[in-house]
Amino acid sequence: MVTGQGDSTRYLSPADVRRIVADGFAAAPIDGKRLLVLIPDATRTMPMALMFDVLTETAGRRAAALDFLVALGTHQPMSDAHLSRLVGRPVAGGQAGRSRVFNHRWDLDGTFVRLGTIPAAEIASLSNGLLDVDVPVSLNRLLLDYDHIVICGPVFPHEVVGFSGGTKYLVPGVAGPDIINFTHWLGAVITSSAVIGAGYTPVRAVIDRAAAMVERPMSCISLVVTHDGVAGLYVGSPRESWDAAAALSARTHILTVDRPFNRVLSVMPTMYDDLWTAAKGMYKLEPAMADGGEIVIYAPHITEVSYTHGRIIDEIGYHCRDYFLAQWDRFGHYPGGVLAHSTHVKGLGSYDAATGVERPRIQVTLATGIREERCRRINLGYLDPAGIRLDEWSGREAEGIVVVPRAGEMLYRLAPAATTGASHAV
C-alpha cells in the first residue's frame, strides 16, 4: 500500500506533509529499530529541513536510532556548514541532535561492502540486449549497520534513469564505482534524449535488481517538488512510492512546446556549482531543440568543469555517443560514468570513423567562469558571460529564442506533431 496525495495544480501544506508521513509510517515495524535515511544533497530542490523535522517527530520517536546518509553518488562531500543548511539545524562533527548525518564517500574503498554480482546473462535481459557483462554490486556498508532503510527524496525527469528518486538513492546514491559506471554508460548507450522522462527504463531495472540485494526492509518517501512547493508526497515501498511520484512528476515537470527552439539561454541557479551538475540545463532542453540549434549554459558563478572528474574530462572532452563507440579501444578504459556525462552534455550526433568527423545535432556553449581556452579544448563553445544581457534574449520566442530561468529541473519536449528539423528563421 502507498499512502499519499498529489496534484499538479496545488501544493501540500506542512501539516499535510506531516499527516502523510505519520500515516505512512503508522503500521511500519520500526519501534526500537535502528533507521538509516538516505537523503539528497543540495543539488536537488527539496524541503529537506521540513522532512528532517517530520522524520524526527514521527519515526524518530519510535526508533532506537534515526541517522541520515547523504546519497552523494560521486558528488563532493558536504561540510558541517553545508549539512546544517541542508537539514535546517546545526550539524557539528556530523552530529545533529540525536542523529548522525553521514556523507557517502564513493572514493574510499573502506566505504563499501560487496553484496553480489548481476551476471552477464541477466544484464543482457534487463538491458534489452544492449550490454552483457557481469556487474559487481557494492554499496555503502552503513546500510547493513541498520535494521530499516528509509529513502527520502524528490522525483524529477532524469537523464540516466528516466525519473530520479526511489532506488536511485541506492544506485548511484550510495553505490561503488563499478555499478555507478555501468548504469550511467547503459543510459548513455540508450541516449539521454531517449531516456529522460521515459518512465521505467532498462537502467531503472538494473538499479532495482541491485537494490534487491540489500537484505533490509525499506520504506520510501517520494516527493514531487517545484520551486513553489510540494505538489505530491507518497510513502510506501520504493517501487510503489516511486511509481506514484513519477506519474505526478510527468504531469508537473514536463512542458510540451509546439515549435522547436533555435537558441536557449539556460540560466543555472547557484545550487549547481560545477558543470557536472549544471549540465542539467542542457539535458532538460535537448528534446525541444531544433536541428542546428544552440543551448547556452549561463552560470557566471561556475569556474570548474567537475570538482571530482575534471581531470578525466580534460583528457576526453565532450563528444556524442557514437564518437566513443567507434573508438572503444581508445576510450573503453575510462570510467563509464564520465563517458556518459560527456555524451549527455554533447547530445545526439554522429561520427564518421573514416573521416574522423563528428557532427553534433546541436551546439552547446558555456557562458560561465570557465575560461575560453578550456571550453574549446573540451569541445564546447564559449561566450563571455559578462557580455550577456538578458533583455537582449527576452521577448524573442517568435524567433525560437528562449530564456529559461532557473533551468535544470523542468523537462521541455516537442509536441508529437512537431519536428526537430522544422527550424525557425533567426
# chains A, B, ... in the order shown; residues from 1 in each chain; ligands from 1
>>> select_by_dssp(residues="region 77-278 of chain A", states="alpha helix (DSSP H)", output="PyMOL selection string")
chain A and resi 80-87+120-126+177-190+192-195+202-211+238-252+275-278
>>> residues_around(residues="Gly387 (chain A)", least_positions_apart="5", cutoff="12 Å", atoms="only C-alpha atoms", output="ChimeraX atom specification")
/A:298,300,367-368,382,392-393
>>> write_last_selection(atoms="N, CA and C atoms", output="PDB file, in the first residue's frame")
ATOM      1  N   TYR A 298      24.246  29.388 -18.970  1.00  0.00           N
ATOM      2  CA  TYR A 298      24.647  30.673 -18.397  1.00  0.00           C
ATOM      3  C   TYR A 298      24.780  30.534 -16.891  1.00  0.00           C
ATOM      4  N   PRO A 300      27.632  32.340 -14.534  1.00  0.00           N
ATOM      5  CA  PRO A 300      28.897  33.034 -14.250  1.00  0.00           C
ATOM      6  C   PRO A 300      29.577  32.563 -12.979  1.00  0.00           C
ATOM      7  N   ALA A 367      28.639  29.839 -20.979  1.00  0.00           N
ATOM      8  CA  ALA A 367      28.825  31.233 -20.565  1.00  0.00           C
ATOM      9  C   ALA A 367      28.984  31.193 -19.057  1.00  0.00           C
ATOM     10  N   THR A 368      30.165  30.769 -18.637  1.00  0.00           N
ATOM     11  CA  THR A 368      30.448  30.515 -17.229  1.00  0.00           C
ATOM     12  C   THR A 368      31.778  31.170 -16.868  1.00  0.00           C
ATOM     13  N   TYR A 382      32.052  28.764 -26.381  1.00  0.00           N
ATOM     14  CA  TYR A 382      32.306  29.720 -25.307  1.00  0.00           C
ATOM     15  C   TYR A 382      31.639  31.046 -25.630  1.00  0.00           C
ATOM     16  N   GLU A 392      18.358  41.352 -24.027  1.00  0.00           N
ATOM     17  CA  GLU A 392      18.580  41.097 -25.458  1.00  0.00           C
ATOM     18  C   GLU A 392      18.089  39.715 -25.875  1.00  0.00           C
ATOM     19  N   TRP A 393      17.904  38.833 -24.912  1.00  0.00           N
ATOM     20  CA  TRP A 393      17.397  37.488 -25.189  1.00  0.00           C
ATOM     21  C   TRP A 393      15.886  37.394 -24.980  1.00  0.00           C
TER      22      TRP A 393
END
>>> atom_distance(atom1="CA of Met51 (chain A)", atom2="CA of Pro405 (chain A)")
26.5 Å
>>> residues_around(residues="Leu130 (chain A)", least_positions_apart="3", cutoff="9 Å", atoms="only C-alpha atoms", output="CSV table (one decimal) with N, CA and C atoms, in the first residue's frame")
chain,number,residue,atom,x,y,z
A,123,ILE,N,22.0,-9.2,-17.1
A,123,ILE,CA,22.2,-7.8,-17.6
A,123,ILE,C,21.7,-7.7,-19.0
A,124,ALA,N,22.0,-8.7,-19.8
A,124,ALA,CA,21.6,-8.7,-21.2
A,124,ALA,C,20.0,-8.7,-21.3
A,125,SER,N,19.4,-9.4,-20.4
A,125,SER,CA,17.9,-9.4,-20.4
A,125,SER,C,17.4,-8.1,-19.9
A,126,LEU,N,18.0,-7.5,-18.8
A,126,LEU,CA,17.5,-6.3,-18.3
A,126,LEU,C,17.7,-5.1,-19.2
A,127,SER,N,18.8,-5.2,-20.0
A,127,SER,CA,19.2,-4.1,-20.9
A,127,SER,C,18.7,-4.2,-22.3
A,186,LEU,N,25.1,2.6,-19.5
A,186,LEU,CA,23.9,2.0,-20.2
A,186,LEU,C,23.0,3.1,-20.6
A,189,VAL,N,24.3,4.7,-23.7
A,189,VAL,CA,24.1,3.9,-24.9
A,189,VAL,C,22.7,4.1,-25.4
A,190,ILE,N,21.7,4.1,-24.5
A,190,ILE,CA,20.4,4.4,-24.9
A,190,ILE,C,20.2,5.8,-25.4
>>> closest_residue(among="A:Val113, A:Val91, A:Ala194, A:Val338", to="Phe182 (chain A)", atoms="only C-alpha atoms")
A:Val338
>>> closest_residue(among="A:Val21, A:Ile254, A:Ala279, A:Leu38", to="Ile295 (chain A)", atoms="only C-alpha atoms")
A:Ala279
>>> closest_residue(among="A:Leu339, A:Ile196, A:Met213, A:Leu383", to="Ile370 (chain A)", atoms="only C-alpha atoms")
A:Leu383
>>> atom_distance(atom1="CA of Val133 (chain A)", atom2="CA of Gly332 (chain A)")
13.5 Å
>>> closest_residue(among="A:Val402, A:Val54, A:Leu144, A:Pro136", to="Arg34 (chain A)", atoms="only C-alpha atoms")
A:Leu144
>>> residues_around(residues="Gly94 (chain A)", least_positions_apart="6", cutoff="9 Å", atoms="only C-alpha atoms", output="list in words")
Ser79, Asp80, Leu83, Arg100, Val101, Phe102 and Asn103 of chain A
>>> residues_around(residues="Pro77 (chain A)", least_positions_apart="2", cutoff="12 Å", atoms="only C-alpha atoms", output="list in words")
Pro40, Asp41, Ala42, Leu69, Val70, Ala71, Leu72, Gly73, Thr74, His75, Ser79, Asp80, Ala81, His82, Leu83, Gly94, Val101, Phe102, Asn103, His104, Arg105, Trp106, Asp107, Leu108, Tyr307 and Thr308 of chain A
>>> atom_distance(atom1="CA of Ala212 (chain A)", atom2="CA of Met78 (chain A)")
28.1 Å
>>> residues_around(residues="Val195 (chain A)", least_positions_apart="2", cutoff="12 Å", atoms="only C-alpha atoms", output="number ranges by chain")
A: 157-164, 184, 186-193, 197-204, 283-284, 286-287, 344, 411
>>> closest_residue(among="A:Ser241, A:Gln76, A:Ser138, A:Thr111", to="Val150 (chain A)", atoms="only C-alpha atoms")
A:Ser241
>>> closest_residue(among="A:Val17, A:Thr43, A:Asp145, A:Gly395", to="Asp274 (chain A)", atoms="only C-alpha atoms")
A:Thr43
>>> residues_around(residues="Ala326 (chain A)", least_positions_apart="4", cutoff="9 Å", atoms="only C-alpha atoms", output="list in words")
Arg321, Asp322, Tyr351, Asp352 and Ala353 of chain A
>>> write_last_selection(atoms="N, CA, C and O atoms", output="PDB file, in the first residue's frame")
ATOM      1  N   ARG A 321      27.737  10.056 -28.353  1.00  0.00           N
ATOM      2  CA  ARG A 321      27.895   8.626 -28.055  1.00  0.00           C
ATOM      3  C   ARG A 321      28.694   7.892 -29.124  1.00  0.00           C
ATOM      4  O   ARG A 321      29.599   7.096 -28.817  1.00  0.00           O
ATOM      5  N   ASP A 322      28.370   8.131 -30.397  1.00  0.00           N
ATOM      6  CA  ASP A 322      28.986   7.348 -31.468  1.00  0.00           C
ATOM      7  C   ASP A 322      30.480   7.615 -31.603  1.00  0.00           C
ATOM      8  O   ASP A 322      31.222   6.761 -32.097  1.00  0.00           O
ATOM      9  N   TYR A 351      29.204  10.230 -35.842  1.00  0.00           N
ATOM     10  CA  TYR A 351      30.656  10.252 -36.004  1.00  0.00           C
ATOM     11  C   TYR A 351      31.024   9.339 -37.153  1.00  0.00           C
ATOM     12  O   TYR A 351      30.616   8.169 -37.198  1.00  0.00           O
ATOM     13  N   ASP A 352      31.781   9.867 -38.120  1.00  0.00           N
ATOM     14  CA  ASP A 352      32.256   9.108 -39.272  1.00  0.00           C
ATOM     15  C   ASP A 352      33.684   8.656 -38.989  1.00  0.00           C
ATOM     16  O   ASP A 352      34.617   9.472 -38.997  1.00  0.00           O
ATOM     17  N   ALA A 353      33.847   7.353 -38.716  1.00  0.00           N
ATOM     18  CA  ALA A 353      35.166   6.849 -38.360  1.00  0.00           C
ATOM     19  C   ALA A 353      36.161   6.991 -39.513  1.00  0.00           C
ATOM     20  O   ALA A 353      37.362   7.158 -39.279  1.00  0.00           O
TER      21      ALA A 353
END
